[in-house]
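Novice: Below is the structure I would like to discuss, written out as structure tokens.
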2 protein chains.
Amino acid sequence: MSETVITYDLRMGRWEPDARGRLEQAAMDLYLEHGFEQTTVAEIAARAGLTERTFFRHFADKREVLFAGAAELQQLLVSTLSATATSASPLDAVATALAAVAPFFQERSDFGRRRQRIISSTAELRERELIKLASLGSAMAATLRERGVADPAASLAAEAGVAVFKIAFERWQDAPVGTDFAQVIQHCLSELKVVAAGA
Amino acid sequence: MSETVITYDLRMGRWEPDARGRLEQAAMDLYLEHGFEQTTVAEIAARAGLTERTFFRHFADKREVLFAGAAELQQLLVSTLSATATSASPLDAVATALAAVAPFFQERSDFGRRRQRIISSTAELRERELIKLASLGSAMAATLRERGVADPAASLAAEAGVAVFKIAFERWQDAPVGTDFAQVIQHCLSELKVVAAGA
DNA sequence: ACGATTGATGTCAGTCGCTGTCATCGAGGC
DNA sequence: GCCTCGATGACAGCGACTGACATCAATCGT
């Protein structure tokens, strides 16, 4: 779920609350300090005051702890895409949905930067990031199909949208702090349209 | 390198020749028979008449044995893209290069089908496939940049090309045997152009 | 021919990711 | 205040992967 805003009312663990959040925090810190590969799950659990076994009860594997927000993001993206006017072209609808979730990243830009530094430095994590993006693409394609867009147009619009997102995200990360992410996305979208128009 | 055409003149292993090829063959067979996760590296090595340690001298990990041809494909793709006339638009150049490597798959369609069945059934392998495709995209983007295409157009054309390839490959696999892969690629490309044009 | 060299393989020990199983503890319902 | 239930701890074990060293076969130089 989230790593800062937590419902502290419901005590979770046997001892301290928010075991999951503590694990996420400990993992991020250790991955940044010593690198992903040099960090063992036992170390993460120890820093969080838990055991290795408990880590794997909260996260499927060592990488997944960095992708806790992916499901949330996908749901947000799909519901936004569902709500977009059917009059828009599929690609525009996708781009609109992507721009709509831009604040999701902009509000966590410092967290996102550290996270991305970890992911970019390890092939194993890049693989996981790519399959999450592919999952976003599949979900968006399915949503487009529900709205009557035929294949392969639906899949192509979704995949092209993911491509736009990937490149826009890279450029936004390298851009000055405060740059509007949604604007970068729209710019990359129009660039794609130019490229696809042929010359 | 290759799995069928081998220079049998140079004896490789301590005993039988072509240890690498035998490992690839044994891995494919076992992955198909029992599934990827249910197969241990020790079993693969045993069937190939080798030891587990030798497997890891030939392949970085248990998945990589299924992606031996990726480097070769990437090189072929890049050199084809380099040779494409600079007059073509970036996306058309990418699509042309992709269509040019279509025979690479068509000649190995039965092998490719079995391989794809294995990959599709395991998330771990889909991750590896995605990072190989991403590597293809990066290589093509770099080639476009060398040819004077500016960013983000170069990256977008390359990534869009990869998207076209992915979807075209899926559709070609599901199409009747003998369908022309290059033609499917071109069809998906024109579909993408329609989608991007707005309509 | 024959010894030295080289490269691929075998052997072994070890770490770490990850899982199944059962015991244990803490909190809420009765 | 007991009881049930969910989360955690403790433990054993498998399999992926690595480092270090020994070994063997083919080749090269003489």
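Each chain of the structure tokens is named A, B, ... in the order shown, its residues numbered from 1; ligands are numbered from 1 in display order.
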Counting only C-alpha atoms (C1' of nucleotides), which residues from chain D have an atom at most 9 Å from any atom of chain B, and could you show them as a list in words?
Specialist: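 Residues of chain D within 9 Å of chain B, counting only C-alpha atoms (C1' of nucleotides): DG15, DA16, DC17, DC24, DA25 and DA26 of chain D.
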Novice: Using only C-alpha atoms, determine which residues of chain A fall within 8 Å of chain B; present them as a short mmCIF file (atom, residue, chain, number, x, y, z; two decimals) with C-alpha atoms, in the first residue's frame.
Specialist:
```cif
data_model
loop_
_atom_site.label_atom_id
_atom_site.label_comp_id
_atom_site.auth_asym_id
_atom_site.auth_seq_id
_atom_site.Cartn_x
_atom_site.Cartn_y
_atom_site.Cartn_z
CA SER A 89 -9.25 8.13 -30.17
CA PRO A 90 -7.84 5.08 -28.35
CA LEU A 91 -4.33 6.48 -28.19
CA ASP A 92 -5.56 9.84 -26.93
CA ARG A 126 14.52 -3.76 -14.55
CA GLU A 127 12.97 -7.06 -15.57
CA ARG A 128 10.40 -6.73 -12.84
CA LEU A 130 9.14 -4.17 -17.44
CA ILE A 131 6.64 -6.86 -16.56
CA PRO A 152 -4.98 -5.05 -32.89
CA ALA A 153 -5.80 -1.36 -32.47
CA SER A 155 -3.29 -3.58 -28.04
CA LEU A 156 -1.30 -1.22 -30.21
CA ALA A 157 -2.73 1.89 -28.59
CA GLU A 159 1.50 -0.63 -25.95
CA ALA A 160 2.27 2.61 -27.71
CA ALA A 163 6.14 3.32 -24.72
CA VAL A 164 5.25 6.98 -24.46
CA ILE A 167 10.23 7.57 -22.44
CA CYS A 188 6.07 12.69 -26.15
CA GLU A 191 6.22 13.39 -30.98
CA LEU A 192 5.03 9.84 -31.46
CA LYS A 193 2.25 11.06 -33.68
CA VAL A 195 6.99 9.85 -36.01
CA ALA A 196 4.05 7.64 -36.95
CA ALA A 197 2.81 10.13 -39.55
CA GLY A 198 6.00 9.46 -41.50
CA ALA A 199 8.41 12.14 -41.80
#
```
Novice: Neighbours of D:DA12 within 12 Å (only C-alpha atoms (C1' of nucleotides); same-chain residues fewer than 5 positions away dropped), as a PyMOL selection string?
Specialist: chain C and resi 19-22
Novice: Could you list, as a PyMOL selection string, every residue within 12 Å of C:DG14, counting only C-alpha atoms (C1' of nucleotides) and ignoring same-chain residues fewer than 5 positions away?
Specialist: chain D and resi 17-20
Novice: For those residues, write N, CA and C atoms (P, O5', C5', C4', C3', O3' and C1' of nucleotides) to a file as an mmCIF file, in the first residue's frame.
Specialist:
```
data_model
loop_
_atom_site.group_PDB
_atom_site.id
_atom_site.type_symbol
_atom_site.label_atom_id
_atom_site.label_comp_id
_atom_site.auth_asym_id
_atom_site.auth_seq_id
_atom_site.Cartn_x
_atom_site.Cartn_y
_atom_site.Cartn_z
ATOM 1 P P DC D 17 19.744 -19.198 -11.500
ATOM 2 O "O5'" DC D 17 21.235 -19.073 -10.931
ATOM 3 C "C5'" DC D 17 21.485 -18.084 -9.942
ATOM 4 C "C4'" DC D 17 22.792 -18.324 -9.264
ATOM 5 C "C3'" DC D 17 24.047 -18.397 -10.145
ATOM 6 O "O3'" DC D 17 24.718 -17.143 -10.077
ATOM 7 C "C1'" DC D 17 24.137 -19.825 -8.231
ATOM 8 P P DT D 18 26.136 -16.912 -10.739
ATOM 9 O "O5'" DT D 18 27.130 -17.310 -9.551
ATOM 10 C "C5'" DT D 18 26.974 -16.697 -8.284
ATOM 11 C "C4'" DT D 18 28.203 -16.955 -7.449
ATOM 12 C "C3'" DT D 18 29.528 -16.895 -8.219
ATOM 13 O "O3'" DT D 18 30.447 -16.119 -7.486
ATOM 14 C "C1'" DT D 18 29.345 -18.958 -7.064
ATOM 15 P P DG D 19 31.824 -15.632 -8.163
ATOM 16 O "O5'" DG D 19 32.916 -16.382 -7.271
ATOM 17 C "C5'" DG D 19 32.780 -16.361 -5.856
ATOM 18 C "C4'" DG D 19 33.799 -17.271 -5.221
ATOM 19 C "C3'" DG D 19 35.177 -17.256 -5.894
ATOM 20 O "O3'" DG D 19 36.187 -17.247 -4.892
ATOM 21 C "C1'" DG D 19 34.291 -19.473 -5.884
ATOM 22 P P DA D 20 37.720 -17.187 -5.318
ATOM 23 O "O5'" DA D 20 38.182 -18.683 -5.094
ATOM 24 C "C5'" DA D 20 37.795 -19.352 -3.899
ATOM 25 C "C4'" DA D 20 38.417 -20.733 -3.877
ATOM 26 C "C3'" DA D 20 39.788 -20.809 -4.583
ATOM 27 O "O3'" DA D 20 40.672 -21.579 -3.800
ATOM 28 C "C1'" DA D 20 38.270 -22.348 -5.559
#
```
Novice: Using only C-alpha atoms (C1' of nucleotides) and a cut-off of 8 Å, which residues of chain C sit close to chain B? Please list them as a PyMOL selection string.
Specialist: chain C and resi 8-10
Novice: Identify, on the basis of only C-alpha atoms (C1' of nucleotides), every residue whose closest approach to B:Glu146 does not exceed 9 Å; exclude the query and any residue fewer than 4 positions from it along the same chain; express the result as JSON, numbers by chain.
Specialist: {"B": [82, 141, 142]}
Novice: Would you mind exporting C-alpha atoms of the selected residues as a compact mmCIF listing (two decimals), in the first residue's frame?
Specialist:
```
# COMPACT_ATOMS: atom_id res chain seq x y z
CA SER B 82 21.90 0.61 -40.39
CA ALA B 141 17.18 3.65 -30.83
CA ALA B 142 20.96 4.02 -30.63
```
Novice: Report, in Å with one decimal, the straight-line distance from atom CA of A:Gln183 to atom CA of A:Ala99.
Specialist: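 Those two atoms sit 7.7 Å apart.
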Novice: Can you pull out the residues contacting A:Glu37? Cut-off 12 Å, using only C-alpha atoms (C1' of nucleotides), and skip same-chain residues under 2 positions away; I want them as a PyMOL selection string.
Specialist: (chain A and resi 27+30-35+39-41+43+62-63+118-119+121-125) or (chain C and resi 16-17)
Novice: What gap, in Å, lies between atom CA of B:Val65 and atom CA of A:Arg117?
Specialist: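 Computing it gives 29.0 Å between the two atoms.
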Novice: Find the residue from C:DC30, C:DA1, C:DC25, C:DC18 that sits nearest to D:DA7; use only C-alpha atoms (C1' of nucleotides) when measuring.
Specialist: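 The closest residue to D:DA7 is C:DC25.
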Novice: With only C-alpha atoms (C1' of nucleotides) as the counted atoms, please give the residues lying no more than 12 Å from A:Gln25, apart from itself and same-chain residues fewer than 2 positions off, as a list of chain:residue names.
Specialist: A:Ser2, A:Glu3, A:Thr4, A:Asp18, A:Ala19, A:Arg20, A:Gly21, A:Arg22, A:Leu23, A:Ala27, A:Met28, A:Asp29, A:Leu30, A:Tyr31, A:Leu32, A:Ile44, A:Ala45, A:Arg47, A:Ala48, A:Gly49, A:Val65, A:Leu66, A:Ala68, A:Phe111, A:Arg114, A:Arg115
Novice: Of the residues D:DC28, D:DG6, D:DC14, D:DC21, which is the one nearest to C:DT6, using only C-alpha atoms (C1' of nucleotides)?
Specialist: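 Among the listed residues, the smallest separation from C:DT6 belongs to D:DC28.
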Novice: In Å, rounded to a single decimal, give me how far atom CA of B:Phe67 is from atom CA of A:Phe67.
Specialist: 26.0 Å
